[in-house]
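Novice: The structure under discussion is supplied below as structure tokens; questions concerning it will follow.
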Amino acid sequence: MLAYIVRRVAYGMLVVLGVLFFLFLLFFAVADPDDIARKALGEKVDAEIIEQWKINHNYHKPLWPSIDRPKDNLLVDHFARMLSFDFGRSDADDSVISERIKKGVGPSLALTVPMFLLGLFFGVLLALFVAFFRETYIDRMGVFLAVLGMSVSILLYIIGVQYLVGKLLHWFPISGFDPSPQVIWRFLALPVLVGLIKGIGGDVRFYRTVFVEEIYRDYVRTARAKGCSEGRIMIRHVLRNAMIPILTQVVVAIPFLFTGALLLESFFGIPGLGSMTFDAIDGNDFSVLRTMVYIGSLLFIAGQIVTDITYTLVDPRVRLE
Amino acid sequence: MLASKRTKRERHYYRSQAIPRFGLVVTLCWILQGCTNNPYPRTDDNEKVLYLPFDEAPRTLDPAVAYTTTAHMITGETYATLLEYHYLKRPYTLIAGLAKRVPEAQPLEHGKVAYRFELREGLLYEEDPCFALGGKKRKTRPILAEDIAFEIMRIADPAVNSPVPEPFANIDGFREFSARLTELRKQRRGFDKLPTHQQYAETGAIRGLKVEGKTGLRIILSEPYPQILYWFAMPFSSPLPWEAVAYYDGKKGRPHLADHPVASGPYMVTRYDKQARIVMERNPNWHGARFPGPPGTVYPDQGESGDLEAGRLNAKVAGKPLPFIQRIEYRREKESIPAFNKFLQGYYDVSGIIQESFDKVIQEDNLSPEMVRMGMRLEKAVEPDIYYIGFNMEDPTVGAAAGERGKKLRQAMSLVTDVKEYTRLFTNGRGVPAQSLLPPGIFGYDPDYRNPYRALDYEKAKASLEQAGYPGGIDPNTEKPLRLTFDTPDTSATGLLRYQFLVNAWRKLGLDVRIEATNYNKFQEKVRDGAYQIFMWGWVADYPDPENFYFLLWSEMRRSKNQGPNTANFSNPEYDRLFLAMRSRDNDPERIDIMKRMRKILEDERPWIEFFHREAYMLFHGWMKNVKPSGLSTPMTKYRDIDAKERAKKRAAWNEPVTWPLYALFFIALLILIPGIRTYLRERQ
């Protein structure tokens, strides 16, 4: 297995280098530093100030290496910085990007972890429920609601939940964030609810399919013949045997909990990494954007490797070679 | 009876379930108890805390660099300035701030002019760790005249990247200082590693900045520029201690100066999380808190007409020491809809009006009955700006090169652009149609002036077009409608809709105007190369002086020549001569007369179609007191007050949680599920 992991990490490194080169082309070769500077400083500023800004942010250097400047160029700079996790400063507000990431990861996890765990719990529970009542009106209604939930835009959920629960019913603050443990749940209630409503439809559909497939297997019939109760069959046998497809979906999602939820954080005023990325897209903050894309690719590769390893843990038949 | 039939195992099961069920009930009660939409701690309910939203994180709070409205919200309150604007008087009037009085110009030989500022006694900075650099255990120190000189040197320093070196370049020797500093940094090894104040000391002072003792500062301008005084009412020239620059360098866990202001004003920043929350509290070291009395430290007893009726001139508050508000809480709201809803719930004290709710809030240009019932107040303020449609005067068809034909064409196009319809369609009617380039509130604005080319008149326009040689809009060379381009860097759907409105108006004259929407860079390139014909642009004044508008058409400011803001590339020797005469004059009748002559030239030549001045509609809750809006981004929170008790009462009444839908949902769920479960179980049996 070790050889397999080493091989996968090596492949992953190659992918990362490819991503870095693609990012370089996208953010340095295509985007014009003058444009970035003007976006950051405003339209009124003089050309001299733009030039100084470019010097301060290293955008004055040549793009590609040359014989006389093999090291002092943007390509080498970009690779050296990213690989050493020195992300530099934001183009938009000069803040240190690594510090913003450290600061933003907490609020992001505070939102995404409960959303993920509750989503998993209710997704599996409801899927078991509709699978248990398969081919009844509860099953059909469940499928209908799941498809409906998947089809509606998250923006509609956000505005609807903010309006209904926050504005009309006055249950929770419409937006905002306070990290104190006593009150944080009040600020997370609405975004978590929206995340659950949006995500649960797809989860229930997927898990239900897996469970129903398992229910018609021979071992279930045997368990039933031996007098096992339906509830016990669902929890002890069907759920355990349906773990592999569930894990595939779940483990891949875990690394992305760190990068936050773009729209939810933005609309609910949660100062996490999703909100930071949203701001960066909105404000052409290329230095933050390329960092977040790079981190996203690292997390994706890590997620893939971890998923492969977890297969061996839940299913002894799987061997990584 | 039922319990007696249970087996021992069942009894054990029910007992073991009792604790989690009890826990669930307690948790539910706790959640229901905590169910409130109040985003703030209850302890603040009766405090004079001002709650405001902000949508964009400030890029920097360095007073020499900060230039955005959001940044000025903070720097304007924390960095005191030598001069300030009177809170109530209009047109805007300068009063003394840190200085004892507004200085008079003193003419010197060779056309130079001097101003002498004298600082008040006993001025102090807020307590800050940076002052330990000047002596152990030192927590603060007096504000000195040399701190202002230091800040102006920072504006001259290219490494600081200040956006406003131009106006300060009127100070004698400003440019030379900048050049000397740059040269030293290039030539002397390790020079740029020295602390900033040492670098400046070794470079030598700016010739026109004379520090006279601890409190005297004499500024010598190389030519008359009375508008310099306005720049001393902005945080760019606020005193900054050298210790703050040396200490807040971003090293060893210390923040950058850009994120850590050292206050000399009425408020100091006590929490700065610019992505989420900014908190400012009263600065006990502010001179107004220690020595109240002079203007700017107590509430004014004079204003303009209407202030008395609006409750802004009140004997109860006049002469009372400032500030009234204890704390200012800024919360980040990136989306306007949640922010506005929270304002309607009473969780923000002030708000603009979002497009989506405009009809709900405003009816027939006044507050809707619902808003009146809530005790809201609507304040309108015309912004000191101008939005205009410009012609590139260097273009052979629409510009000066086309002579009389070009002029008649511009006049015709001006006569058919309907600004009222434009503002009705695109800005909910917010905006004052512009007759000249001066907005209301600026010296020289004439409310009775009517520009003959800004009244809709299709017949006159057609006649003008015919005189231009384009009868019915037909170009005699091609025998097709005259083709022109409208160039814009705005490619958004809304933007295109707006420009289409203008193009449609010109099409009625028979002209074929095509919209050329490109990205900003491409547009800049076009402007640089002079490859554009018609465009729309806006200008927001830095200070309330007509010079800051008329200079936009001064030939020295031509974009094609000096990369200046004269994007129309307008050049008229008579206009230039009058501009120079107007620029250096005080606000007297002669200045108004000169401006009238300049206005006449623009009226006839039409390098611009003056479009509109933006109008801000601000909503204030009834508990906000002493409210007077200002189009300028000047600090004014110190004058405002809050009735916190009234706010707490109204918030509680407006936000009572509604719980019945929770029970309704529960019963609906039961009604759906129970028959299904019963049927299923019966079938299984």
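Chain lettering (A, B, ...) mirrors the order of the structure tokens, residue numbering begins at 1 for each chain separately, and ligand numbering begins at 1 in order of display.
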In range 528-574 of chain B, what's strand (DSSP E or B) per DSSP? Answer as a list in words?

Specialist: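 Answer for range 528-574 of chain B, restricted to strand (DSSP E or B): Ile534, Phe535, Met536, Trp537, Gly538, Trp539, Val540, Arg558 and Asn566 of chain B.
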
Novice: Residues of chain A within 8 Å of chain B, using only C-alpha atoms, as a PyMOL selection string?

Specialist: chain A and resi 34-35+44-46+49+52-53+92-94+133+136-138+162+166-177+186-187+266-271

Novice: Residues as selected, C-alpha atoms, written as a PDB file, in the first residue's frame, can you do that?

Specialist:
ATOM      1  CA  ASP A  34      -2.133  47.758 -15.202  1.00  0.00           C
ATOM      2  CA  ASP A  35      -5.705  46.587 -15.069  1.00  0.00           C
ATOM      3  CA  LYS A  44      -8.321  58.688 -10.354  1.00  0.00           C
ATOM      4  CA  VAL A  45      -4.715  57.725  -9.682  1.00  0.00           C
ATOM      5  CA  ASP A  46      -1.791  58.799 -11.853  1.00  0.00           C
ATOM      6  CA  ILE A  49       1.350  55.597  -8.783  1.00  0.00           C
ATOM      7  CA  GLN A  52       4.933  52.160  -8.040  1.00  0.00           C
ATOM      8  CA  TRP A  53       2.118  49.764  -7.138  1.00  0.00           C
ATOM      9  CA  ALA A  92      -6.870  44.406  -3.503  1.00  0.00           C
ATOM     10  CA  ASP A  93      -5.994  45.401   0.042  1.00  0.00           C
ATOM     11  CA  ASP A  94      -2.345  44.440   0.655  1.00  0.00           C
ATOM     12  CA  PHE A 133     -41.144   2.619   2.944  1.00  0.00           C
ATOM     13  CA  THR A 136     -45.344   3.625  -0.935  1.00  0.00           C
ATOM     14  CA  TYR A 137     -46.578   7.212  -1.192  1.00  0.00           C
ATOM     15  CA  ILE A 138     -43.941   8.224   1.413  1.00  0.00           C
ATOM     16  CA  GLN A 162     -33.722  34.943   5.242  1.00  0.00           C
ATOM     17  CA  GLY A 166     -35.247  35.848   9.789  1.00  0.00           C
ATOM     18  CA  LYS A 167     -37.555  38.643   8.709  1.00  0.00           C
ATOM     19  CA  LEU A 168     -41.101  37.332   9.214  1.00  0.00           C
ATOM     20  CA  LEU A 169     -40.740  34.793  12.040  1.00  0.00           C
ATOM     21  CA  HIS A 170     -37.837  36.600  13.798  1.00  0.00           C
ATOM     22  CA  TRP A 171     -36.246  33.325  14.910  1.00  0.00           C
ATOM     23  CA  PHE A 172     -32.649  33.973  13.944  1.00  0.00           C
ATOM     24  CA  PRO A 173     -30.517  36.939  12.760  1.00  0.00           C
ATOM     25  CA  ILE A 174     -30.818  37.460   9.004  1.00  0.00           C
ATOM     26  CA  SER A 175     -27.047  37.652   8.684  1.00  0.00           C
ATOM     27  CA  GLY A 176     -23.915  38.235  10.717  1.00  0.00           C
ATOM     28  CA  PHE A 177     -21.385  36.247  12.712  1.00  0.00           C
ATOM     29  CA  ARG A 186     -27.818  31.559  16.269  1.00  0.00           C
ATOM     30  CA  PHE A 187     -25.793  32.951  13.370  1.00  0.00           C
ATOM     31  CA  SER A 266     -21.232  35.861   1.373  1.00  0.00           C
ATOM     32  CA  PHE A 267     -24.983  36.241   1.871  1.00  0.00           C
ATOM     33  CA  PHE A 268     -24.938  35.439   5.585  1.00  0.00           C
ATOM     34  CA  GLY A 269     -21.925  37.627   6.388  1.00  0.00           C
ATOM     35  CA  ILE A 270     -19.659  34.813   7.617  1.00  0.00           C
ATOM     36  CA  PRO A 271     -16.028  35.933   7.310  1.00  0.00           C
TER      37      PRO A 271
END

Novice: What does the distance from CA of Val183 in chain A to CA of Leu111 in chain A come to in Å, to one decimal?

Specialist: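 Between these atoms lies a distance of 13.5 Å.
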
Novice: If we count only C-alpha atoms and set the cut-off at 8 Å, which residues sit around Pro226 in chain B, ignoring sequence neighbours fewer than 4 positions away in its own chain? Please answer as a ChimeraX atom specification.

Specialist: /B:105,583-586

Novice: Restricted to N, CA and C atoms, what would the selected residues look like written as a CSV table (one decimal), in the first residue's frame?

Specialist:
chain,number,residue,atom,x,y,z
B,105,ALA,N,-4.2,83.7,3.6
B,105,ALA,CA,-3.1,83.6,2.6
B,105,ALA,C,-2.2,84.9,2.8
B,583,ARG,N,-9.4,80.4,-10.5
B,583,ARG,CA,-8.8,79.4,-9.6
B,583,ARG,C,-8.2,80.1,-8.3
B,584,SER,N,-7.5,81.2,-8.5
B,584,SER,CA,-6.7,81.8,-7.4
B,584,SER,C,-7.5,82.8,-6.6
B,585,ARG,N,-8.8,83.0,-7.0
B,585,ARG,CA,-9.6,84.1,-6.3
B,585,ARG,C,-10.3,83.5,-5.1
B,586,ASP,N,-10.6,84.4,-4.2
B,586,ASP,CA,-11.5,84.0,-3.1
B,586,ASP,C,-12.9,84.0,-3.6

Novice: Name the residues in contact with Met636 in chain B at a cut-off of 9 Å, using only C-alpha atoms, excluding same-chain residues fewer than 3 positions from it; report them as JSON, numbers by chain.

Specialist: {"B": [76, 77, 87, 628, 629, 630, 633, 639, 640]}

Novice: Could you please take those selected residues and save N, CA and C atoms as an mmCIF file, in the first residue's frame?

Specialist:
data_model
loop_
_atom_site.group_PDB
_atom_site.id
_atom_site.type_symbol
_atom_site.label_atom_id
_atom_site.label_comp_id
_atom_site.auth_asym_id
_atom_site.auth_seq_id
_atom_site.Cartn_x
_atom_site.Cartn_y
_atom_site.Cartn_z
ATOM 1 N N GLY B 76 -11.635 59.255 8.869
ATOM 2 C CA GLY B 76 -12.241 60.559 9.140
ATOM 3 C C GLY B 76 -12.578 60.731 10.614
ATOM 4 N N GLU B 77 -12.928 59.646 11.294
ATOM 5 C CA GLU B 77 -13.283 59.733 12.715
ATOM 6 C C GLU B 77 -12.068 59.600 13.620
ATOM 7 N N TYR B 87 -20.649 71.671 10.567
ATOM 8 C CA TYR B 87 -21.588 70.557 10.435
ATOM 9 C C TYR B 87 -22.883 70.970 9.730
ATOM 10 N N LYS B 628 -27.845 65.449 9.889
ATOM 11 C CA LYS B 628 -27.773 66.296 8.695
ATOM 12 C C LYS B 628 -26.854 65.596 7.696
ATOM 13 N N PRO B 629 -27.409 65.170 6.560
ATOM 14 C CA PRO B 629 -26.556 64.453 5.610
ATOM 15 C C PRO B 629 -25.579 65.392 4.914
ATOM 16 N N SER B 630 -24.489 64.816 4.468
ATOM 17 C CA SER B 630 -23.489 65.598 3.740
ATOM 18 C C SER B 630 -23.039 64.801 2.536
ATOM 19 N N SER B 633 -17.487 63.120 2.012
ATOM 20 C CA SER B 633 -17.185 62.058 2.984
ATOM 21 C C SER B 633 -16.394 62.667 4.142
ATOM 22 N N TYR B 639 -21.303 64.512 15.908
ATOM 23 C CA TYR B 639 -22.427 65.429 16.111
ATOM 24 C C TYR B 639 -23.750 64.676 16.322
ATOM 25 N N ARG B 640 -23.796 63.415 15.924
ATOM 26 C CA ARG B 640 -25.067 62.680 15.957
ATOM 27 C C ARG B 640 -25.318 62.071 17.330
#
